[in-house]
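Since the structure comes first, as structure tokens, the remarks are kept for the end.
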Amino acid sequence: MEIGFKTKIFISDLTGIRFGIFFISAFLFFSILYSPNKSFSQGGSVHASEGDYYLNGKTEFDFGRYENALDIWIEGYENLAKQDLTDPRIGPAVIELVTRKNLEDLFEKASEIYIRGFSGRLDKNHYENIRQEITMISPLISEEEYSKWMILLEDGDDGLFTEIRKFWRRNDPIPATFENERLIEHWERIAYARKNFEKAETTIYGTDDRGLIYVKYGLPDKMVKDNFGKLFKYIKGYKALQLAREIQEHPLYYNPEFELWIYDELLIDDTLRFFFGPEGGNGDYGLRYGVEDFIPERAFLESSGRLFRSRQLLGYFLQYYYYYQLENVDDFFYYRMLDTTGRARTASRLNTTRFINADYDKNDPAKLSAPPKSSDYDRDISPVDLRFFVSRYLDDGDNSILRITAYTLPRSHTEADILFHDLSGKHEYGLRHTLTVNNENWFEVNRIEDYPYEAMCNASVFEIPLYDNTNVYQLSSICNDLYMEQSSYSAVPDTLFGVLAGRNEFLTLPEKLSADRTQLELSDLVIGSEMPEALRNDSSGLNILQSDVLSRTSPMMLYIEAYHLFIDPDNRSRYSINYELKREGILGRMDRLLRRSNITNVTSQTNEYSSIGSTGKEMIVFDISSLSTGKYAINIELRDMISGQTANRQAIFTIVN
């Protein structure tokens, strides 16, 4: 917490002078005693003090010298990083300033400073700043997650920083870039809300309630701003006009302003609606549950109806006319209007519609099932079909190697349905596959990018060491517009302007293969078709384009490696492989009743092999042109003919025409 104060000493006589000298001396003494120039916490996080970068930059910021503030904060971050120190206060300050001033060239740097700032030891001196940042994020997370973060903060648990990093990395819409677009978008929305939603200061962002909804979901698909009761001036007919005048002259009629936000795309089968305006028609401005919240509660009491000859309540008339005013905005309000009309007979004593509607709006199922947040990137970046296959190998040192084959398919679907260009094939786009590896603390430890050529069938192959399964592997696919003047597929623009479609996947990995040389071990089965020549550049030399969907017109290729084979005196290993192919059928009701197997058409064969050394590598080609279409399982049993040990693997694939 920062405390600022100003001291003024008015000296009119000798007593005042003595008092002033004494006060200043005492102030300087205690400042020197309790404010060392700079001190650092043991855990790698800098303490607040006279000389710390955050406070120095904030002083410049408070005086409106924003460039100076930014320079101090960035310099401070870099100097601290050289000492393996961090300050979690600097990141939010930088990102708030660069989004407020729309400094796009610094978005990537701001993302880096923010993410790296939440690392090291959790310093109690920064408690209030970290609590404030959690509060700024809280509308985007669940109540359970918020409670967990606050408990970690109270306990001084460094795991809080991991949770914050994890949250933003998992929500990064384009991991292929170093900028965290969702983090930037969050602060851009805060800046916009603070500028445009100023009717009250009821949210954690210092805005009215519109700001909170905007930060969560962005601008609505449809927005209506008006005053309730506007339609009264269009009423015709003597009796109706007389009633309208009586309503407008009623002391409980306030002609309230309202703002209605409608989100049609956040939910698949429902619509989100948010009302904003004065409570009861003339109260505090904020988020309202529904139309009834704009009507004073007294308007629904029997006493309010005594001014009307029909003996009906004022609340009923206001409900009807307010819903009638919105009937063309959304069918929801049209049916509400009809429901209000249908209950007119009971409105003279008790407006039951008000209680029914108000209870429903307060517990709106759509709002209860709505996501905690939504990003504009979810709409602007269309999803593509990203498929991937993971297989494990052992190198010469018995270290597990992970091989990931990624596809963005099919190409025709990408062009026609995703990129919204004509089917002539003239439009050019580039594809980028990125594999990002984060450790268990959500620090990025590796990043590999690949730009597939058209001849590669939109496929990439990655090979990396599989150290352990605590790492988090994220695979992303991004389609970029190369524009007509660019003809090369070898580079993809880094600017977000060119991003048209994409997809992110987090990989669930199996355990490492066994490094025990006394135990027979197998690689994962790799099945697919022959790899195009242009793609044969990965280190393994494996010429299979891995897939679980195979065409009858091409041979099926299968590759497997065996490890820790026993060797004879001539340094040769001998082993056999039994291949068993099964077609999986669809069980009928009687088959399920009799518990019959759904496996049909079993074929198998056994071959013997030999290899130099304790590792065997086999590539087998199968002619599948005579097989019928459908789902198949291939089981492999490898037997070491010297030791008698066995090992098994299975793969599932589908044959299509």
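By order of appearance in the structure tokens: chains A, B, ..., then residues from 1 within every chain, and ligands from 1 in the order shown.
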
Give the helix (DSSP H, G or I) residues of region 126-366 of chain A, as DSSP finds them on the backbone, and put them as an MDAnalysis selection string.
chainID A and resid 126:140 143:154 159:170 181:196 209:217 230:234 238:249 279:281 291:294 297:300 302:307 314:326 331:342 344:346 352:362 365:366

For Arg165 (chain A), find every residue with an atom within 9 Å (counting only C-alpha atoms), except residues of its own chain fewer than 2 positions away, and show them as a VMD selection string.
chain A and resid 115 to 116 118 to 119 160 to 163 167 to 170 441 to 443

Write the selection just made, keeping C-alpha atoms, as a compact mmCIF listing (two decimals), in the first residue's frame?
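Printed below is out_39.txt as written:
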```
# COMPACT_ATOMS: atom_id res chain seq x y z
CA ILE A 115 4.34 -13.26 -17.34
CA ARG A 116 7.93 -13.24 -16.05
CA PHE A 118 4.84 -13.60 -11.64
CA SER A 119 7.73 -15.92 -10.79
CA LEU A 160 -0.02 -18.78 -6.88
CA PHE A 161 2.37 -17.46 -9.50
CA THR A 162 2.19 -20.79 -11.33
CA GLU A 163 -1.61 -20.57 -11.36
CA PHE A 167 -4.24 -19.17 -16.67
CA TRP A 168 -2.85 -16.73 -19.20
CA ARG A 169 -0.85 -19.33 -21.15
CA ARG A 170 -3.86 -21.63 -21.47
CA ASN A 441 5.54 -24.39 -13.47
CA TRP A 442 4.26 -23.11 -16.83
CA PHE A 443 7.52 -21.60 -17.95
```

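Atom to atom, CA of Leu558 (chain A) and CA of Tyr473 (chain A) stand 25.8 Å apart.
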
For region 73-76 of chain A, find every residue with an atom within 9 Å (counting only C-alpha atoms), except residues of its own chain fewer than 2 positions away, and show them as an MDAnalysis selection string.
chainID A and resid 52:54 56:58 68:71 78:81 87 90:91 93:94 109:110 113

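Atom to atom, CA of Thr629 (chain A) and CA of Arg552 (chain A) stand 7.9 Å apart.
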
Considering only C-alpha atoms, return as a VMD selection string whatever protein or nucleic-acid residues lie within 8 Å of region 256-259 of chain A, sequence-local ones (same chain, fewer than 4 positions apart) excluded.
chain A and resid 223 to 229 275 to 278 281 to 282 294
